[in-house]
Amino acid sequence: MLTLRKIRENKENVIRGLEKRGWSADRLTIVDQIIALDDKRKETQTSLDQHLSDINRISKEIGGLFKSGKGDEANALKSKISDIKEISSTLESTQKGVLAELDELLLSVPNVPHDTVPAGVTEDDNEIAEHWTGDLPDLGDDALPHWELAKQYNLIDFELGTKITGSGFPLYRGQGAKLQRALISFFLDEASEAGYEEVMPPLLVNADTARATGQLPDKEGQMYYAEKDDLYLIPTAEVPVTNIYRDVIISEDDFPIKLTGHTPCFRREAGSYGSDVKGLNRVHQFDKVEIVQIAHPDRSYDVLTEMVDHVKQLLEKLELPYRILRLCGGDLGFTSALTFDFEVYSAAQKKWLEVSSVSNFETFQSNRLKLRYKDGNGKKHLAHTLNGSALALARIVASLLENHQTTEGIVIPKALVPYTKFEIIK
RNA sequence: GGAGGAGUGGCAGAGCGGUUGAAUGCACCGGUCUUGAAAACCGGCAUACUGAGAGGUAUCGGGGGUUCGAAUCCCUCCUCCUCCGCCA
């Protein structure tokens, strides 16, 4: 959520940003609506405060009068107060309405894109920031897509997953299950080595938590919901991990805060069908290692680069061809100011699969989180939050199986062998 | 799941209807003293909104209520502790 201060003080900048996201002039009037509503909020509050102040003052007088035995005078003041109370309670309910409306408008405004975000509408307008320099692997026509390989080597049983739960819940078995475990350990170790503290958060979160990172109310339909307990299954570790710092004021020397965690991720993906959801391309449950940083505003873009480099290095160790996209305004997530997507090439499908998304949210999340830091003068400011997948398993597995298939079997990348403890899947 | 107890500032802990945003201690920051440090002493030390400022308003787990007035009384939800039950 943008701060009112940002909207008021950098109105033109906000508008330019929203235009980059493809907002029409019509829609942009929301900015002025917000400012007008905020004016009303201030005005109402000032008036309300004045009346409350009167009530407080008179109440104290009444207290004094009762003490000194002047009950009659006190009772006279009581009737005077009831008029003021009537006005103040009207103002109060007006203010409640204003605040609710203001909140609703603010929640509907996405983050302002960074200057380097290209204009554009769809994913076709994303800018390729970096591209695999070698040739893309050409496996010939005999190459099998990962779901065939999974079946051939008995790594993943999609039908069993469907039987037990439903479609999109694959069951990994044998070397497939071990490969999952190996990847998770590998990613976590790499993150630890890069200075991230490992955490294992809860997989169900409450509404306050989901709201703070922006899943509610925006992406309500994306999450599984346990109604009886009013809890949501996490769509990403970002949600519980970032919320560690909800309502926290840190000191400036605490920067940088680096956290990593592995969790299963649950996504309803309602309305997705077709070849996009074939095999592991899009599933309802997958494992992911997430990296999260809380950074000083002056440093957050350096941190973003650092995180991008971290992910890059993982893909190189896994020997997977990848490219990095700088998302355009139209494709940028609601809460993000700048996002780099990583895609790996899945050589049998001849498709690029998104396996990571690394973003700087600037203060968009921290505003809702109320995550602040104290500077040297004891002044409080919102911190910047960033996160990235490092990495998302299901699609990595898909790409890994496809790219590394040989007539002998599927060759495990060298970096991963210490974790799988086998060099080839036969 | 059942019965009982409790939730106050960074921490500990008073207050249980009337200048209490909240005693006191510890921690922390600044100062005096000291060659330096410690001790001692003096001062400061929650968050948010609002105002040029003085100040005003709100917040004592969350929400609602009673009252002229609530940290203090009532209702409700949440969390923690103790006992019982269940259990990886």
# chains A, B, ... in the order shown; residues from 1 in each chain; ligands from 1
>>> select_by_dssp(residues="region 91-331 of chain A", states="strand (DSSP E or B)", output="VMD selection string")
chain A and resid 127 to 131 156 to 157 171 to 172 197 to 199 204 to 205 225 to 226 231 to 233 249 to 251 257 to 266 285 to 295 322 to 326
>>> residues_around(residues="region 62-79 of chain B", least_positions_apart="5", cutoff="9 Å", atoms="only C-alpha atoms (C1' of nucleotides)", output="list in words")
Ile55, Asn56, Ile58, Ser59, Lys60, Ile62, Gly63, Ala74, Asn75, Leu77, Lys78, Ser79, Ile81 and Ser82 of chain A; G7, U8, G15, C16, G17, G18, U20 and A22 of chain B
>>> write_last_selection(atoms="N, CA, C and O atoms (P, O5', C5', C4', C3', O3' and C1' of nucleotides)", output="mmCIF file, in the first residue's frame")
data_model
loop_
_atom_site.group_PDB
_atom_site.id
_atom_site.type_symbol
_atom_site.label_atom_id
_atom_site.label_comp_id
_atom_site.auth_asym_id
_atom_site.auth_seq_id
_atom_site.Cartn_x
_atom_site.Cartn_y
_atom_site.Cartn_z
ATOM 1 N N ILE A 55 -15.176 17.380 25.814
ATOM 2 C CA ILE A 55 -15.758 16.382 26.715
ATOM 3 C C ILE A 55 -14.767 16.054 27.834
ATOM 4 O O ILE A 55 -15.136 16.007 29.016
ATOM 5 N N ASN A 56 -13.534 15.851 27.451
ATOM 6 C CA ASN A 56 -12.527 15.533 28.467
ATOM 7 C C ASN A 56 -12.388 16.648 29.494
ATOM 8 O O ASN A 56 -12.274 16.400 30.691
ATOM 9 N N ILE A 58 -14.571 19.018 30.328
ATOM 10 C CA ILE A 58 -15.757 19.172 31.176
ATOM 11 C C ILE A 58 -15.862 18.017 32.171
ATOM 12 O O ILE A 58 -16.236 18.211 33.332
ATOM 13 N N SER A 59 -15.487 16.829 31.698
ATOM 14 C CA SER A 59 -15.524 15.673 32.611
ATOM 15 C C SER A 59 -14.630 15.900 33.812
ATOM 16 O O SER A 59 -14.966 15.523 34.933
ATOM 17 N N LYS A 60 -13.499 16.487 33.552
ATOM 18 C CA LYS A 60 -12.590 16.767 34.657
ATOM 19 C C LYS A 60 -13.200 17.794 35.610
ATOM 20 O O LYS A 60 -13.089 17.663 36.830
ATOM 21 N N ILE A 62 -16.331 18.216 36.128
ATOM 22 C CA ILE A 62 -17.379 17.522 36.885
ATOM 23 C C ILE A 62 -16.767 16.756 38.047
ATOM 24 O O ILE A 62 -17.273 16.795 39.177
ATOM 25 N N GLY A 63 -15.665 16.095 37.746
ATOM 26 C CA GLY A 63 -14.971 15.352 38.803
ATOM 27 C C GLY A 63 -14.617 16.256 39.969
ATOM 28 O O GLY A 63 -14.861 15.926 41.135
ATOM 29 N N ALA A 74 -22.413 20.179 39.001
ATOM 30 C CA ALA A 74 -21.937 19.046 38.228
ATOM 31 C C ALA A 74 -23.032 18.510 37.323
ATOM 32 O O ALA A 74 -22.812 18.267 36.131
ATOM 33 N N ASN A 75 -24.207 18.346 37.873
ATOM 34 C CA ASN A 75 -25.318 17.817 37.088
ATOM 35 C C ASN A 75 -25.700 18.739 35.937
ATOM 36 O O ASN A 75 -26.091 18.278 34.866
ATOM 37 N N LEU A 77 -23.619 20.535 34.270
ATOM 38 C CA LEU A 77 -22.610 20.323 33.224
ATOM 39 C C LEU A 77 -22.877 19.029 32.447
ATOM 40 O O LEU A 77 -22.622 18.932 31.256
ATOM 41 N N LYS A 78 -23.411 18.048 33.164
ATOM 42 C CA LYS A 78 -23.708 16.769 32.505
ATOM 43 C C LYS A 78 -24.631 16.957 31.315
ATOM 44 O O LYS A 78 -24.427 16.365 30.251
ATOM 45 N N SER A 79 -25.648 17.782 31.506
ATOM 46 C CA SER A 79 -26.586 17.951 30.396
ATOM 47 C C SER A 79 -25.903 18.675 29.243
ATOM 48 O O SER A 79 -26.194 18.438 28.076
ATOM 49 N N ILE A 81 -22.895 18.338 28.389
ATOM 50 C CA ILE A 81 -22.008 17.402 27.707
ATOM 51 C C ILE A 81 -22.765 16.510 26.726
ATOM 52 O O ILE A 81 -22.227 16.087 25.699
ATOM 53 N N SER A 82 -24.007 16.237 27.032
ATOM 54 C CA SER A 82 -24.724 15.283 26.177
ATOM 55 C C SER A 82 -24.897 15.827 24.758
ATOM 56 O O SER A 82 -24.913 15.069 23.797
ATOM 57 P P G B 7 -3.203 -9.408 34.571
ATOM 58 O "O5'" G B 7 -2.039 -9.709 33.542
ATOM 59 C "C5'" G B 7 -1.529 -8.696 32.683
ATOM 60 C "C4'" G B 7 -1.259 -9.301 31.309
ATOM 61 C "C3'" G B 7 -1.372 -8.277 30.189
ATOM 62 O "O3'" G B 7 -0.129 -8.197 29.495
ATOM 63 C "C1'" G B 7 -2.638 -10.250 29.708
ATOM 64 P P U B 8 1.085 -7.428 30.032
ATOM 65 O "O5'" U B 8 0.445 -5.998 30.253
ATOM 66 C "C5'" U B 8 0.149 -5.187 29.112
ATOM 67 C "C4'" U B 8 0.050 -3.753 29.524
ATOM 68 C "C3'" U B 8 1.373 -3.048 29.778
ATOM 69 O "O3'" U B 8 1.938 -2.557 28.562
ATOM 70 C "C1'" U B 8 -0.105 -2.582 31.547
ATOM 71 P P G B 15 -1.310 -2.519 43.150
ATOM 72 O "O5'" G B 15 -2.111 -1.331 42.458
ATOM 73 C "C5'" G B 15 -2.031 -0.018 43.015
ATOM 74 C "C4'" G B 15 -2.376 0.998 41.968
ATOM 75 C "C3'" G B 15 -3.816 0.956 41.482
ATOM 76 O "O3'" G B 15 -4.603 1.788 42.329
ATOM 77 C "C1'" G B 15 -2.310 1.195 39.634
ATOM 78 P P C B 16 -5.916 1.213 43.017
ATOM 79 O "O5'" C B 16 -6.776 0.775 41.762
ATOM 80 C "C5'" C B 16 -7.977 1.473 41.376
ATOM 81 C "C4'" C B 16 -8.824 0.471 40.629
ATOM 82 C "C3'" C B 16 -9.668 -0.447 41.529
ATOM 83 O "O3'" C B 16 -11.058 -0.130 41.395
ATOM 84 C "C1'" C B 16 -8.400 -1.688 39.884
ATOM 85 P P G B 17 -11.676 1.181 42.190
ATOM 86 O "O5'" G B 17 -12.258 2.099 41.017
ATOM 87 C "C5'" G B 17 -11.495 2.493 39.919
ATOM 88 C "C4'" G B 17 -12.094 3.682 39.237
ATOM 89 C "C3'" G B 17 -12.357 4.930 40.060
ATOM 90 O "O3'" G B 17 -11.418 5.911 39.627
ATOM 91 C "C1'" G B 17 -13.957 4.627 38.344
ATOM 92 P P G B 18 -10.768 6.884 40.731
ATOM 93 O "O5'" G B 18 -10.682 8.224 39.870
ATOM 94 C "C5'" G B 18 -9.996 8.207 38.618
ATOM 95 C "C4'" G B 18 -10.094 9.597 38.018
ATOM 96 C "C3'" G B 18 -9.491 10.662 38.931
ATOM 97 O "O3'" G B 18 -8.416 11.271 38.255
ATOM 98 C "C1'" G B 18 -11.772 11.190 38.329
ATOM 99 P P U B 20 -2.258 12.643 37.501
ATOM 100 O "O5'" U B 20 -1.630 11.693 36.411
ATOM 101 C "C5'" U B 20 -1.917 11.822 35.024
ATOM 102 C "C4'" U B 20 -2.403 10.506 34.446
ATOM 103 C "C3'" U B 20 -3.914 10.306 34.567
ATOM 104 O "O3'" U B 20 -4.617 10.478 33.348
ATOM 105 C "C1'" U B 20 -2.681 8.344 35.210
ATOM 106 P P A B 22 1.536 10.877 31.560
ATOM 107 O "O5'" A B 22 1.166 9.469 32.229
ATOM 108 C "C5'" A B 22 2.177 8.615 32.695
ATOM 109 C "C4'" A B 22 1.565 7.608 33.629
ATOM 110 C "C3'" A B 22 2.480 6.412 33.907
ATOM 111 O "O3'" A B 22 3.254 6.665 35.039
ATOM 112 C "C1'" A B 22 0.371 5.645 33.159
#
>>> closest_residue(among="B:G31, B:G2, B:G25, B:G56", to="Leu48 (chain A)", atoms="only C-alpha atoms (C1' of nucleotides)")
B:G56
>>> residues_around(residues="Gly22 (chain A)", least_positions_apart="3", cutoff="12 Å", atoms="only C-alpha atoms (C1' of nucleotides)", output="number ranges by chain")
A: 15-19, 25-28, 110, 112-113, 118-122, 328-332
>>> write_last_selection(atoms="N, CA and C atoms", output="PDB file, in the first residue's frame")
ATOM      1  N   ILE A  15       1.296   9.182 -10.632  1.00  0.00           N
ATOM      2  CA  ILE A  15       0.457   9.102 -11.831  1.00  0.00           C
ATOM      3  C   ILE A  15       1.258   8.547 -13.010  1.00  0.00           C
ATOM      4  N   ARG A  16       2.476   9.018 -13.154  1.00  0.00           N
ATOM      5  CA  ARG A  16       3.310   8.521 -14.246  1.00  0.00           C
ATOM      6  C   ARG A  16       3.509   7.009 -14.107  1.00  0.00           C
ATOM      7  N   GLY A  17       3.700   6.581 -12.853  1.00  0.00           N
ATOM      8  CA  GLY A  17       3.898   5.163 -12.590  1.00  0.00           C
ATOM      9  C   GLY A  17       2.682   4.338 -12.963  1.00  0.00           C
ATOM     10  N   LEU A  18       1.522   4.844 -12.608  1.00  0.00           N
ATOM     11  CA  LEU A  18       0.298   4.107 -12.899  1.00  0.00           C
ATOM     12  C   LEU A  18       0.045   4.066 -14.406  1.00  0.00           C
ATOM     13  N   GLU A  19       0.427   5.132 -15.083  1.00  0.00           N
ATOM     14  CA  GLU A  19       0.291   5.143 -16.538  1.00  0.00           C
ATOM     15  C   GLU A  19       1.145   4.037 -17.156  1.00  0.00           C
ATOM     16  N   ALA A  25      -6.733   7.372 -18.177  1.00  0.00           N
ATOM     17  CA  ALA A  25      -6.938   8.664 -17.512  1.00  0.00           C
ATOM     18  C   ALA A  25      -8.127   8.583 -16.572  1.00  0.00           C
ATOM     19  N   ASP A  26      -9.093   7.833 -17.018  1.00  0.00           N
ATOM     20  CA  ASP A  26     -10.310   7.653 -16.255  1.00  0.00           C
ATOM     21  C   ASP A  26     -10.021   7.067 -14.869  1.00  0.00           C
ATOM     22  N   ARG A  27      -9.197   6.045 -14.897  1.00  0.00           N
ATOM     23  CA  ARG A  27      -8.866   5.342 -13.662  1.00  0.00           C
ATOM     24  C   ARG A  27      -7.991   6.186 -12.761  1.00  0.00           C
ATOM     25  N   LEU A  28      -7.192   7.040 -13.401  1.00  0.00           N
ATOM     26  CA  LEU A  28      -6.227   7.829 -12.646  1.00  0.00           C
ATOM     27  C   LEU A  28      -6.877   8.860 -11.725  1.00  0.00           C
ATOM     28  N   PRO A 110      -1.760   0.015  -7.023  1.00  0.00           N
ATOM     29  CA  PRO A 110      -0.554  -0.808  -6.983  1.00  0.00           C
ATOM     30  C   PRO A 110       0.695   0.038  -6.750  1.00  0.00           C
ATOM     31  N   VAL A 112       4.230   1.931  -7.328  1.00  0.00           N
ATOM     32  CA  VAL A 112       4.748   2.758  -8.418  1.00  0.00           C
ATOM     33  C   VAL A 112       5.986   2.073  -9.000  1.00  0.00           C
ATOM     34  N   PRO A 113       5.973   1.789 -10.287  1.00  0.00           N
ATOM     35  CA  PRO A 113       7.120   1.091 -10.884  1.00  0.00           C
ATOM     36  C   PRO A 113       8.385   1.935 -10.821  1.00  0.00           C
ATOM     37  N   PRO A 118      10.231  -1.007 -18.001  1.00  0.00           N
ATOM     38  CA  PRO A 118       9.786  -0.618 -19.335  1.00  0.00           C
ATOM     39  C   PRO A 118       8.265  -0.487 -19.394  1.00  0.00           C
ATOM     40  N   ALA A 119       7.803   0.420 -20.235  1.00  0.00           N
ATOM     41  CA  ALA A 119       6.366   0.516 -20.459  1.00  0.00           C
ATOM     42  C   ALA A 119       5.924  -0.734 -21.203  1.00  0.00           C
ATOM     43  N   GLY A 120       4.693  -1.081 -21.083  1.00  0.00           N
ATOM     44  CA  GLY A 120       4.222  -2.266 -21.787  1.00  0.00           C
ATOM     45  C   GLY A 120       2.995  -2.820 -21.124  1.00  0.00           C
ATOM     46  N   VAL A 121       2.343  -3.717 -21.849  1.00  0.00           N
ATOM     47  CA  VAL A 121       1.045  -4.188 -21.394  1.00  0.00           C
ATOM     48  C   VAL A 121       1.082  -5.657 -20.997  1.00  0.00           C
ATOM     49  N   THR A 122       1.643  -6.482 -21.874  1.00  0.00           N
ATOM     50  CA  THR A 122       1.618  -7.915 -21.612  1.00  0.00           C
ATOM     51  C   THR A 122       3.037  -8.452 -21.439  1.00  0.00           C
ATOM     52  N   CYS A 328       7.723  -5.614 -17.555  1.00  0.00           N
ATOM     53  CA  CYS A 328       7.188  -4.324 -17.976  1.00  0.00           C
ATOM     54  C   CYS A 328       6.046  -3.913 -17.038  1.00  0.00           C
ATOM     55  N   GLY A 329       5.660  -2.661 -17.144  1.00  0.00           N
ATOM     56  CA  GLY A 329       4.640  -2.102 -16.256  1.00  0.00           C
ATOM     57  C   GLY A 329       3.375  -2.929 -16.180  1.00  0.00           C
ATOM     58  N   GLY A 330       2.954  -3.460 -17.315  1.00  0.00           N
ATOM     59  CA  GLY A 330       1.705  -4.194 -17.340  1.00  0.00           C
ATOM     60  C   GLY A 330       1.794  -5.573 -16.710  1.00  0.00           C
ATOM     61  N   ASP A 331       2.981  -6.137 -16.681  1.00  0.00           N
ATOM     62  CA  ASP A 331       3.149  -7.503 -16.182  1.00  0.00           C
ATOM     63  C   ASP A 331       3.656  -7.523 -14.736  1.00  0.00           C
ATOM     64  N   LEU A 332       4.034  -6.342 -14.272  1.00  0.00           N
ATOM     65  CA  LEU A 332       4.588  -6.212 -12.926  1.00  0.00           C
ATOM     66  C   LEU A 332       3.532  -6.539 -11.875  1.00  0.00           C
TER      67      LEU A 332
END
>>> select_by_dssp(residues="region 63-237 of chain A", states="alpha helix (DSSP H)", output="VMD selection string")
chain A and resid 63 to 67 71 to 107 146 to 152 158 to 164 175 to 193 207 to 212
>>> closest_atom_pairs(of="region 96-154 of chain A", to="region 166-182 of chain A", cutoff="9 Å", atoms="only C-alpha atoms", output="tab-separated table")
residue	atom	partner	partner_atom	distance
A:Ala150	CA	A:Gly176	CA	7.8
A:Tyr153	CA	A:Gln175	CA	8.4
A:Asn154	CA	A:Arg173	CA	7.0
>>> residues_around(residues="Arg41 (chain A)", least_positions_apart="3", cutoff="10 Å", atoms="only C-alpha atoms (C1' of nucleotides)", output="list of chain:residue names")
A:Ile35, A:Ala36, A:Leu37, A:Asp38, A:Thr44, A:Gln45, A:Thr46, A:Thr94, A:Gln95, A:Lys96, A:Gly97, A:Val98, A:Leu99, A:Leu102
>>> atom_distance(atom1="CA of Lys219 (chain A)", atom2="CA of Thr339 (chain A)")
18.1 Å
>>> residues_around(residues="Leu216 (chain A)", least_positions_apart="5", cutoff="8 Å", atoms="only C-alpha atoms (C1' of nucleotides)", output="list of chain:residue names")
A:Ala207, A:Ala210, A:Arg211
>>> residues_around(residues="G51 (chain B)", least_positions_apart="6", cutoff="12 Å", atoms="only C-alpha atoms (C1' of nucleotides)", output="VMD selection string")
(chain A and resid 42 to 43 46 49) or (chain B and resid 57)
>>> residues_around(residues="region 235-247 of chain A", least_positions_apart="4", cutoff="10 Å", atoms="only C-alpha atoms (C1' of nucleotides)", output="PyMOL selection string")
chain A and resi 199-206+208-215+219+222-224+259-268+284-294+365-372+385-389+392
>>> atom_distance(atom1="CA of Ser108 (chain A)", atom2="CA of Thr90 (chain A)")
27.7 Å
>>> closest_residue(among="B:U82, B:U24, B:U19, B:U32", to="chain A", atoms="only C-alpha atoms (C1' of nucleotides)")
B:U19
>>> atom_distance(atom1="CA of Asp142 (chain A)", atom2="CA of Lys421 (chain A)")
28.0 Å
>>> closest_residue(among="B:G5, B:G13, B:G36, B:G55", to="chain A", atoms="only C-alpha atoms (C1' of nucleotides)")
B:G55
>>> closest_residue(among="A:Val358, A:Leu183, A:Ile424, A:Ala398", to="Gly333 (chain A)", atoms="only C-alpha atoms")
A:Val358
>>> decode(residues="region 55-78 of chain B", atoms="N, CA and C atoms (P, O5', C5', C4', C3', O3' and C1' of nucleotides)", output="tab-separated table (two decimals), in the first residue's frame")
chain	number	residue	atom	x	y	z
B	55	G	P	3.30	22.20	25.06
B	55	G	O5'	1.85	21.72	24.60
B	55	G	C5'	0.69	22.09	25.33
B	55	G	C4'	-0.45	22.28	24.37
B	55	G	C3'	-1.37	21.09	24.19
B	55	G	O3'	-2.29	20.96	25.26
B	55	G	C1'	-0.90	22.03	22.08
B	56	G	P	-2.83	19.54	25.71
B	56	G	O5'	-3.78	19.18	24.49
B	56	G	C5'	-4.95	19.95	24.24
B	56	G	C4'	-5.63	19.44	23.00
B	56	G	C3'	-5.94	17.95	23.00
B	56	G	O3'	-7.11	17.68	23.75
B	56	G	C1'	-4.97	18.55	20.93
B	57	U	P	-7.20	16.30	24.56
B	57	U	O5'	-7.39	15.25	23.38
B	57	U	C5'	-8.55	15.31	22.56
B	57	U	C4'	-8.45	14.29	21.46
B	57	U	C3'	-8.13	12.88	21.92
B	57	U	O3'	-9.27	12.22	22.42
B	57	U	C1'	-6.77	13.42	20.06
B	58	A	P	-9.11	11.12	23.58
B	58	A	O5'	-8.56	9.88	22.72
B	58	A	C5'	-9.38	9.30	21.72
B	58	A	C4'	-8.58	8.30	20.92
B	58	A	C3'	-7.89	7.23	21.75
B	58	A	O3'	-8.79	6.19	22.09
B	58	A	C1'	-6.36	8.10	20.18
B	59	U	P	-8.71	5.53	23.52
B	59	U	O5'	-7.44	4.59	23.43
B	59	U	C5'	-7.53	3.38	22.67
B	59	U	C4'	-6.16	2.86	22.38
B	59	U	C3'	-5.34	2.42	23.59
B	59	U	O3'	-5.71	1.12	24.02
B	59	U	C1'	-3.99	3.68	22.13
B	60	C	P	-5.97	0.87	25.59
B	60	C	O5'	-4.48	0.63	26.10
B	60	C	C5'	-3.74	-0.54	25.73
B	60	C	C4'	-3.05	-1.09	26.96
B	60	C	C3'	-3.95	-1.94	27.86
B	60	C	O3'	-3.38	-3.23	27.96
B	60	C	C1'	-2.85	-0.22	29.11
B	61	G	P	-4.27	-4.51	28.11
B	61	G	O5'	-4.12	-5.11	26.65
B	61	G	C5'	-2.84	-5.23	26.04
B	61	G	C4'	-2.97	-6.05	24.78
B	61	G	C3'	-4.21	-5.73	23.94
B	61	G	O3'	-3.99	-4.62	23.09
B	61	G	C1'	-4.07	-8.05	24.27
B	62	G	P	-5.24	-3.65	22.77
B	62	G	O5'	-6.12	-4.53	21.76
B	62	G	C5'	-5.67	-4.76	20.43
B	62	G	C4'	-6.75	-5.45	19.63
B	62	G	C3'	-8.11	-4.77	19.64
B	62	G	O3'	-8.18	-3.69	18.74
B	62	G	C1'	-8.39	-7.07	20.00
B	63	G	P	-9.16	-2.47	19.08
B	63	G	O5'	-10.62	-3.10	18.96
B	63	G	C5'	-11.16	-3.39	17.68
B	63	G	C4'	-12.49	-4.10	17.82
B	63	G	C3'	-13.59	-3.33	18.54
B	63	G	O3'	-14.22	-2.39	17.70
B	63	G	C1'	-13.51	-5.52	19.38
B	64	G	P	-14.82	-1.04	18.40
B	64	G	O5'	-16.04	-1.59	19.27
B	64	G	C5'	-17.28	-1.92	18.63
B	64	G	C4'	-18.20	-2.61	19.60
B	64	G	C3'	-18.81	-1.75	20.71
B	64	G	O3'	-19.87	-0.94	20.26
B	64	G	C1'	-18.07	-3.78	21.63
B	65	G	P	-20.12	0.46	21.00
B	65	G	O5'	-20.59	0.06	22.49
B	65	G	C5'	-21.89	-0.45	22.68
B	65	G	C4'	-22.06	-0.96	24.08
B	65	G	C3'	-22.18	0.07	25.19
B	65	G	O3'	-23.46	0.67	25.22
B	65	G	C1'	-20.80	-1.70	25.92
B	66	U	P	-23.64	2.12	25.83
B	66	U	O5'	-23.44	1.90	27.38
B	66	U	C5'	-24.41	1.19	28.14
B	66	U	C4'	-23.99	1.16	29.59
B	66	U	C3'	-23.72	2.52	30.22
B	66	U	O3'	-24.93	3.15	30.63
B	66	U	C1'	-21.97	1.03	30.79
B	67	U	P	-25.18	4.66	30.24
B	67	U	O5'	-24.10	5.44	31.11
B	67	U	C5'	-24.16	5.40	32.53
B	67	U	C4'	-22.94	6.07	33.11
B	67	U	C3'	-22.64	7.45	32.54
B	67	U	O3'	-23.44	8.45	33.15
B	67	U	C1'	-20.65	6.16	32.66
B	68	C	P	-24.03	9.60	32.25
B	68	C	O5'	-22.74	10.43	31.85
B	68	C	C5'	-22.82	11.46	30.87
B	68	C	C4'	-21.58	12.31	30.93
B	68	C	C3'	-20.27	11.54	30.94
B	68	C	O3'	-19.85	11.19	29.64
B	68	C	C1'	-20.24	13.16	32.65
B	69	G	P	-19.27	9.74	29.39
B	69	G	O5'	-17.93	9.79	30.23
B	69	G	C5'	-16.84	10.57	29.76
B	69	G	C4'	-15.71	10.52	30.73
B	69	G	C3'	-15.19	9.13	31.06
B	69	G	O3'	-14.28	8.69	30.07
B	69	G	C1'	-15.47	10.35	33.05
B	70	A	P	-14.14	7.14	29.77
B	70	A	O5'	-13.51	6.53	31.10
B	70	A	C5'	-12.17	6.83	31.49
B	70	A	C4'	-11.47	5.52	31.80
B	70	A	C3'	-11.22	4.65	30.58
B	70	A	O3'	-9.99	3.96	30.72
B	70	A	C1'	-12.64	3.52	32.07
B	71	A	P	-8.65	4.52	30.21
B	71	A	O5'	-7.62	3.34	30.44
B	71	A	C5'	-7.69	2.17	29.63
B	71	A	C4'	-7.21	0.97	30.39
B	71	A	C3'	-8.18	0.47	31.46
B	71	A	O3'	-9.07	-0.45	30.89
B	71	A	C1'	-6.02	0.74	32.39
B	72	U	P	-10.37	-0.91	31.64
B	72	U	O5'	-9.69	-1.55	32.91
B	72	U	C5'	-10.35	-2.34	33.86
B	72	U	C4'	-10.06	-1.83	35.25
B	72	U	C3'	-11.30	-1.63	36.10
B	72	U	O3'	-11.29	-2.58	37.16
B	72	U	C1'	-9.76	0.20	36.30
B	73	C	P	-11.94	-4.03	36.86
B	73	C	O5'	-13.48	-3.69	36.68
B	73	C	C5'	-14.34	-3.56	37.81
B	73	C	C4'	-15.77	-3.43	37.35
B	73	C	C3'	-16.17	-4.35	36.20
B	73	C	O3'	-16.52	-5.64	36.68
B	73	C	C1'	-16.88	-2.16	35.70
B	74	C	P	-16.32	-6.91	35.76
B	74	C	O5'	-17.52	-6.78	34.71
B	74	C	C5'	-18.87	-6.92	35.13
B	74	C	C4'	-19.78	-6.78	33.93
B	74	C	C3'	-19.44	-7.69	32.76
B	74	C	O3'	-20.01	-8.97	32.93
B	74	C	C1'	-19.75	-5.49	31.96
B	75	C	P	-19.26	-10.25	32.30
B	75	C	O5'	-19.60	-10.11	30.75
B	75	C	C5'	-20.94	-10.25	30.29
B	75	C	C4'	-21.00	-9.99	28.80
B	75	C	C3'	-20.06	-10.84	27.96
B	75	C	O3'	-20.62	-12.12	27.70
B	75	C	C1'	-19.91	-8.58	27.26
B	76	U	P	-19.62	-13.38	27.52
B	76	U	O5'	-18.93	-13.08	26.13
B	76	U	C5'	-19.68	-13.15	24.90
B	76	U	C4'	-18.84	-12.64	23.76
B	76	U	C3'	-17.51	-13.37	23.57
B	76	U	O3'	-17.66	-14.57	22.84
B	76	U	C1'	-17.16	-11.02	23.50
B	77	C	P	-16.63	-15.77	23.12
B	77	C	O5'	-15.39	-15.37	22.23
B	77	C	C5'	-15.51	-15.29	20.80
B	77	C	C4'	-14.35	-14.54	20.21
B	77	C	C3'	-12.97	-15.11	20.54
B	77	C	O3'	-12.62	-16.21	19.72
B	77	C	C1'	-12.94	-12.78	20.88
B	78	C	P	-11.62	-17.32	20.29
B	78	C	O5'	-10.22	-16.55	20.28
B	78	C	C5'	-9.64	-16.10	19.05
B	78	C	C4'	-8.40	-15.31	19.33
B	78	C	C3'	-7.34	-16.02	20.17
B	78	C	O3'	-6.55	-16.90	19.38
B	78	C	C1'	-7.65	-13.83	20.99
